[in-house]
file my_file_17.tsv (TSV, C-alpha atoms)
chain	number	residue	atom	x	y	z
V	1	MET	CA	-86.08	5.12	-74.94
V	2	ILE	CA	-85.88	2.29	-72.43
V	3	LYS	CA	-82.67	0.26	-72.45
V	4	LEU	CA	-83.16	-3.01	-70.60
V	5	LEU	CA	-80.24	-3.93	-68.37
V	6	TYR	CA	-80.48	-7.68	-68.84
V	7	ASN	CA	-80.88	-9.51	-72.13
V	8	THR	CA	-83.06	-12.59	-72.27
V	9	PRO	CA	-80.90	-15.58	-73.29
V	10	ARG	CA	-81.50	-16.80	-76.84
V	11	ASN	CA	-82.19	-20.33	-75.59
V	12	TRP	CA	-85.38	-18.95	-74.02
V	13	ALA	CA	-86.76	-18.26	-77.53
V	14	GLU	CA	-85.64	-21.64	-78.81
V	15	GLY	CA	-87.61	-23.24	-75.97
V	16	VAL	CA	-90.66	-21.15	-76.82
V	17	VAL	CA	-90.56	-22.16	-80.48
V	18	ALA	CA	-90.20	-25.83	-79.46
V	19	ALA	CA	-93.23	-25.48	-77.15
V	20	MET	CA	-95.35	-22.98	-79.10
V	21	ASP	CA	-98.58	-24.73	-78.08
V	22	ASP	CA	-97.69	-23.97	-74.44
V	23	PHE	CA	-96.56	-20.42	-75.19
V	24	LEU	CA	-99.63	-19.25	-77.11
V	25	PRO	CA	-102.10	-19.56	-74.18
V	26	ASP	CA	-99.66	-17.64	-71.97
V	27	HIS	CA	-99.27	-14.98	-74.66
V	28	ALA	CA	-103.05	-14.68	-74.97
V	29	ALA	CA	-103.38	-14.20	-71.21
V	30	ALA	CA	-100.69	-11.49	-71.26
V	31	GLU	CA	-102.52	-9.57	-74.00
V	32	LYS	CA	-105.82	-9.82	-72.14
V	33	LYS	CA	-104.21	-8.59	-68.92
V	34	ALA	CA	-102.52	-5.72	-70.77
V	35	SER	CA	-105.87	-4.59	-72.15
V	36	GLY	CA	-107.39	-4.78	-68.68
V	37	MET	CA	-104.48	-2.84	-67.18
V	38	ALA	CA	-104.99	-0.04	-69.69
V	39	MET	CA	-108.69	0.22	-68.83
V	40	GLY	CA	-107.78	0.12	-65.14
V	41	MET	CA	-105.60	3.18	-65.70
V	42	VAL	CA	-108.59	4.94	-67.29
V	43	SER	CA	-110.70	4.13	-64.22
V	44	HIS	CA	-108.04	5.29	-61.76
V	45	TYR	CA	-107.06	8.51	-63.57
V	46	PRO	CA	-110.21	9.76	-65.36
V	47	ASP	CA	-109.08	13.39	-65.03
V	48	ARG	CA	-105.87	12.83	-67.04
V	49	THR	CA	-107.21	13.47	-70.53
V	50	GLU	CA	-104.06	12.50	-72.45
V	51	LEU	CA	-103.70	9.31	-70.42
V	52	VAL	CA	-107.36	8.37	-70.86
V	53	MET	CA	-107.22	8.65	-74.64
V	54	ALA	CA	-103.89	6.83	-74.87
V	55	MET	CA	-105.04	4.00	-72.60
V	56	ILE	CA	-108.31	3.53	-74.48
V	57	ASP	CA	-106.34	3.18	-77.71
V	58	LEU	CA	-103.89	0.82	-76.00
V	59	ALA	CA	-106.70	-1.31	-74.54
V	60	ILE	CA	-108.26	-1.70	-77.97
V	61	GLU	CA	-104.93	-2.60	-79.57
V	62	GLU	CA	-104.05	-5.12	-76.85
V	63	LEU	CA	-107.51	-6.66	-77.16
V	64	SER	CA	-106.98	-7.01	-80.93
V	65	HIS	CA	-103.69	-8.80	-80.16
V	66	TYR	CA	-105.59	-11.06	-77.78
V	67	ARG	CA	-108.10	-11.88	-80.51
V	68	ALA	CA	-105.28	-12.61	-82.98
V	69	VAL	CA	-103.53	-14.96	-80.55
V	70	VAL	CA	-106.80	-16.74	-79.80
V	71	ARG	CA	-107.33	-17.22	-83.55
V	72	LEU	CA	-103.85	-18.76	-83.83
V	73	MET	CA	-104.71	-21.02	-80.91
V	74	ASN	CA	-107.97	-22.07	-82.54
V	75	GLU	CA	-106.11	-22.97	-85.75
V	76	ARG	CA	-103.91	-25.26	-83.66
V	77	GLY	CA	-106.80	-26.77	-81.68
V	78	LEU	CA	-105.75	-25.05	-78.45
V	79	CYS	CA	-107.98	-23.69	-75.71
V	80	LEU	CA	-107.57	-20.75	-73.39
V	81	LEU	CA	-106.40	-21.53	-69.87
V	82	PRO	CA	-107.51	-19.98	-66.58
V	83	ASP	CA	-105.51	-16.90	-65.64
V	84	GLU	CA	-102.52	-17.46	-63.42
V	85	LYS	CA	-100.54	-14.98	-61.36
V	86	ASP	CA	-97.50	-13.71	-63.24
V	87	PRO	CA	-94.48	-13.82	-60.90
V	88	TYR	CA	-92.61	-11.22	-62.97
V	89	ILE	CA	-95.44	-8.69	-62.80
V	90	ASN	CA	-96.10	-9.38	-59.12
V	91	GLN	CA	-92.45	-8.82	-58.24
V	92	LEU	CA	-92.35	-5.59	-60.25
V	93	ARG	CA	-95.49	-4.37	-58.48
V	94	ARG	CA	-93.73	-4.75	-55.13
V	95	SER	CA	-91.37	-1.97	-56.21
V	96	ILE	CA	-94.20	0.56	-56.64
V	97	ARG	CA	-93.85	3.30	-54.07
V	98	ASP	CA	-96.59	4.56	-51.77
V	99	GLY	CA	-98.05	8.01	-52.19
V	100	LYS	CA	-100.38	9.19	-54.92
V	101	LYS	CA	-97.68	10.88	-57.05
V	102	PHE	CA	-95.09	8.12	-56.70
V	103	TYR	CA	-97.64	5.36	-57.25
V	104	PHE	CA	-98.84	6.94	-60.52
V	105	MET	CA	-95.30	7.57	-61.79
V	106	ASP	CA	-94.18	4.04	-60.96
V	107	ARG	CA	-97.21	2.48	-62.64
V	108	LEU	CA	-96.42	4.35	-65.85
V	109	LEU	CA	-92.73	3.50	-65.75
V	110	ILE	CA	-93.35	-0.16	-64.97
V	111	GLY	CA	-95.85	-0.23	-67.83
V	112	GLY	CA	-93.09	0.96	-70.15
V	113	ILE	CA	-90.61	-1.56	-68.79
V	114	VAL	CA	-93.06	-4.45	-69.20
V	115	GLU	CA	-93.72	-3.39	-72.79
V	116	ALA	CA	-89.97	-3.13	-73.43
V	117	ARG	CA	-89.45	-6.66	-72.09
V	118	GLY	CA	-92.35	-7.89	-74.21
V	119	ALA	CA	-90.86	-6.27	-77.31
V	120	GLU	CA	-87.49	-7.87	-76.60
V	121	ARG	CA	-88.96	-11.32	-76.05
V	122	PHE	CA	-91.41	-11.24	-78.95
V	123	GLY	CA	-88.51	-10.14	-81.17
V	124	LEU	CA	-86.47	-13.13	-80.00
V	125	VAL	CA	-89.40	-15.43	-80.79
V	126	ALA	CA	-89.76	-13.90	-84.26
V	127	ASP	CA	-86.04	-14.39	-84.91
V	128	ALA	CA	-86.21	-18.03	-83.79
V	129	LEU	CA	-89.26	-18.92	-85.90
V	130	PRO	CA	-88.97	-20.20	-89.47
V	131	PRO	CA	-90.25	-17.81	-92.16
V	132	GLY	CA	-94.03	-17.83	-92.44
V	133	LYS	CA	-97.26	-16.61	-90.91
V	134	LEU	CA	-96.25	-17.07	-87.27
V	135	GLN	CA	-92.95	-15.26	-87.77
V	136	ARG	CA	-94.71	-12.33	-89.49
V	137	PHE	CA	-97.20	-12.19	-86.62
V	138	TYR	CA	-94.46	-12.00	-84.00
V	139	ARG	CA	-92.55	-9.37	-85.96
V	140	SER	CA	-95.73	-7.28	-86.02
V	141	ILE	CA	-96.33	-7.78	-82.29
V	142	THR	CA	-92.72	-6.77	-81.58
V	143	LYS	CA	-93.13	-3.49	-83.44
V	144	SER	CA	-96.36	-2.76	-81.61
V	145	GLU	CA	-94.81	-3.44	-78.19
V	146	GLU	CA	-91.91	-1.12	-79.04
V	147	GLY	CA	-94.41	1.71	-79.58
V	148	HIS	CA	-96.17	0.94	-76.30
V	149	ARG	CA	-92.89	1.11	-74.42
V	150	GLU	CA	-92.37	4.69	-75.61
V	151	LEU	CA	-95.98	5.66	-74.91
V	152	PHE	CA	-95.67	4.97	-71.18
V	153	ILE	CA	-92.44	6.93	-70.86
V	154	GLU	CA	-93.88	9.87	-72.80
V	155	LEU	CA	-96.89	9.91	-70.47
V	156	ALA	CA	-94.67	9.75	-67.39
V	157	GLU	CA	-92.64	12.70	-68.67
V	158	LEU	CA	-95.83	14.60	-69.46
V	159	TYR	CA	-97.11	14.33	-65.89
V	160	PHE	CA	-93.80	14.41	-64.00
V	161	ASP	CA	-90.45	16.14	-64.16
V	162	PRO	CA	-88.45	14.39	-66.91
V	163	VAL	CA	-85.25	14.32	-64.86
V	164	GLU	CA	-87.00	12.79	-61.85
V	165	THR	CA	-88.78	10.38	-64.19
V	166	ARG	CA	-85.53	9.18	-65.78
V	167	LEU	CA	-83.87	8.71	-62.39
V	168	ARG	CA	-86.74	6.55	-61.20
V	169	LEU	CA	-86.83	4.67	-64.51
V	170	ASN	CA	-83.16	3.77	-64.05
V	171	GLU	CA	-83.86	2.49	-60.50
V	172	LEU	CA	-86.74	0.35	-61.77
V	173	LEU	CA	-84.64	-1.01	-64.64
V	174	VAL	CA	-82.09	-2.29	-62.12
V	175	ILE	CA	-84.87	-3.96	-60.13
V	176	GLU	CA	-86.39	-5.47	-63.30
V	177	ALA	CA	-83.05	-6.86	-64.46
V	178	GLY	CA	-82.64	-8.64	-61.13
V	179	ILE	CA	-86.11	-10.13	-61.42
V	180	VAL	CA	-85.62	-11.35	-65.00
V	181	LYS	CA	-82.26	-12.96	-64.21
V	182	GLU	CA	-84.03	-15.18	-61.68
V	183	LEU	CA	-86.96	-16.19	-63.89
V	184	PRO	CA	-86.95	-19.83	-64.93
V	185	ILE	CA	-86.60	-20.55	-68.64
V	186	ARG	CA	-90.03	-21.75	-69.69
V	187	PRO	CA	-92.43	-21.27	-72.61
V	188	ALA	CA	-94.05	-18.16	-71.12
V	189	LEU	CA	-93.67	-14.46	-71.85
V	190	HIS	CA	-92.33	-13.80	-68.35
call {"tool": "encode", "arguments": {"input": "my_file_17.tsv", "output": "structure tokens"}}
result
Amino acid sequence: MIKLLYNTPRNWAEGVVAAMDDFLPDHAAAEKKASGMAMGMVSHYPDRTELVMAMIDLAIEELSHYRAVVRLMNERGLCLLPDEKDPYINQLRRSIRDGKKFYFMDRLLIGGIVEARGAERFGLVADALPPGKLQRFYRSITKSEEGHRELFIELAELYFDPVETRLRLNELLVIEAGIVKELPIRPALH
């Protein structure tokens, strides 16, 4: 299991709840990108049968989350926004090592870390929301993201030595904690 080394401050979630109409388009974009990332993994590693099947399932699930967020947006009269670069993801990508083996391992581990951060943040949003439909939705999304976090680590340990995998995971968690500490507090997932 991934243990994040930095906890998002609770006031982040309070800001999200206060600006939910700004958060929802960002959340939708994150789900769409997650689905695309999963299909990108299928394209890059077509010979990894277990990965292919897992990523197809993940892509479909993330796309269903995207659809659900878009429906929530439609109910609120909101529109999708053009995609923007995600500074969190871009900074994490800079830590991916060169070399076929290292690149693949790091992509899997970073995928797990991103899902862990998403689970943490969606859980904070659910806790900050009043009881109702939106809170139930974010509780459901949190549970889903928790499962995704484990999926990526299981895949990494399937394809690589578990000890080496855990050592690298710990290095990346330190890097990720430093990145998150510097993120501005705003109504966005990252």
call {"tool": "residues_around", "arguments": {"input": "my_file_17.tsv", "residues": "Ala18 (chain V)", "least_positions_apart": "4", "cutoff": "12 Å", "atoms": "all atoms listed in the file", "output": "PDB file with C-alpha atoms, in the coordinates of the input"}}
result
ATOM      1  CA  ASN V  11     -82.190 -20.330 -75.590  1.00  0.00           C
ATOM      2  CA  TRP V  12     -85.380 -18.950 -74.020  1.00  0.00           C
ATOM      3  CA  ALA V  13     -86.760 -18.260 -77.530  1.00  0.00           C
ATOM      4  CA  GLU V  14     -85.640 -21.640 -78.810  1.00  0.00           C
ATOM      5  CA  ASP V  22     -97.690 -23.970 -74.440  1.00  0.00           C
ATOM      6  CA  PHE V  23     -96.560 -20.420 -75.190  1.00  0.00           C
ATOM      7  CA  LEU V  24     -99.630 -19.250 -77.110  1.00  0.00           C
ATOM      8  CA  VAL V 125     -89.400 -15.430 -80.790  1.00  0.00           C
ATOM      9  CA  ALA V 128     -86.210 -18.030 -83.790  1.00  0.00           C
ATOM     10  CA  LEU V 129     -89.260 -18.920 -85.900  1.00  0.00           C
ATOM     11  CA  PRO V 130     -88.970 -20.200 -89.470  1.00  0.00           C
ATOM     12  CA  ARG V 186     -90.030 -21.750 -69.690  1.00  0.00           C
ATOM     13  CA  PRO V 187     -92.430 -21.270 -72.610  1.00  0.00           C
ATOM     14  CA  ALA V 188     -94.050 -18.160 -71.120  1.00  0.00           C
TER      15      ALA V 188
END
call {"tool": "atom_distance", "arguments": {"input": "my_file_17.tsv", "atom1": "CA of Leu5 (chain V)", "atom2": "CA of Thr142 (chain V)"}}
result
18.4 Å
call {"tool": "atom_distance", "arguments": {"input": "my_file_17.tsv", "atom1": "CA of Glu115 (chain V)", "atom2": "CA of Glu150 (chain V)"}}
result
8.7 Å
call {"tool": "atom_distance", "arguments": {"input": "my_file_17.tsv", "atom1": "CA of Ala119 (chain V)", "atom2": "CA of Glu145 (chain V)"}}
result
4.9 Å
call {"tool": "residues_around", "arguments": {"input": "my_file_17.tsv", "residues": "Ile60 (chain V)", "least_positions_apart": "6", "cutoff": "12 Å", "atoms": "all atoms listed in the file", "output": "list in words"}}
result
Glu31, Lys32, Ala34, Ser35, Gly36, Met37, Ala38, Met39, Met53, Ala54, Tyr66 and Arg67 of chain V
call {"tool": "closest_residue", "arguments": {"input": "my_file_17.tsv", "among": "V:Leu108, V:Leu81, V:Val69, V:Leu124", "to": "Leu51 (chain V)", "atoms": "only C-alpha atoms"}}
result
V:Leu108
call {"tool": "closest_residue", "arguments": {"input": "my_file_17.tsv", "among": "V:His148, V:His65, V:Lys85, V:Arg107", "to": "Met41 (chain V)", "atoms": "all atoms listed in the file"}}
result
V:Arg107
call {"tool": "closest_atom_pairs", "arguments": {"input": "my_file_17.tsv", "of": "region 41-136 of chain V", "to": "region 155-169 of chain V", "cutoff": "9 Å", "atoms": "all atoms listed in the file", "output": "tab-separated table"}}
result
residue	atom	partner	partner_atom	distance
V:Arg48	CA	V:Tyr159	CA	9.0
V:Glu50	CA	V:Leu155	CA	7.9
V:Leu51	CA	V:Leu155	CA	6.8
V:Ala54	CA	V:Leu155	CA	8.8
V:Lys101	CA	V:Phe160	CA	8.7
V:Phe104	CA	V:Ala156	CA	8.5
V:Met105	CA	V:Ala156	CA	6.0
V:Asp106	CA	V:Arg168	CA	7.9
V:Leu108	CA	V:Ala156	CA	5.9
V:Leu109	CA	V:Leu169	CA	6.1
V:Ile110	CA	V:Leu169	CA	8.1
V:Ile113	CA	V:Leu169	CA	8.5
call {"tool": "closest_residue", "arguments": {"input": "my_file_17.tsv", "among": "V:Arg93, V:Gly123, V:His44, V:Leu134", "to": "Met73 (chain V)", "atoms": "only C-alpha atoms"}}
result
V:Leu134
call {"tool": "residues_around", "arguments": {"input": "my_file_17.tsv", "residues": "Asp86 (chain V)", "least_positions_apart": "3", "cutoff": "12 Å", "atoms": "all atoms listed in the file", "output": "ChimeraX atom specification"}}
result
/V:26-27,29-30,33,83,89-93,114,183,188-190
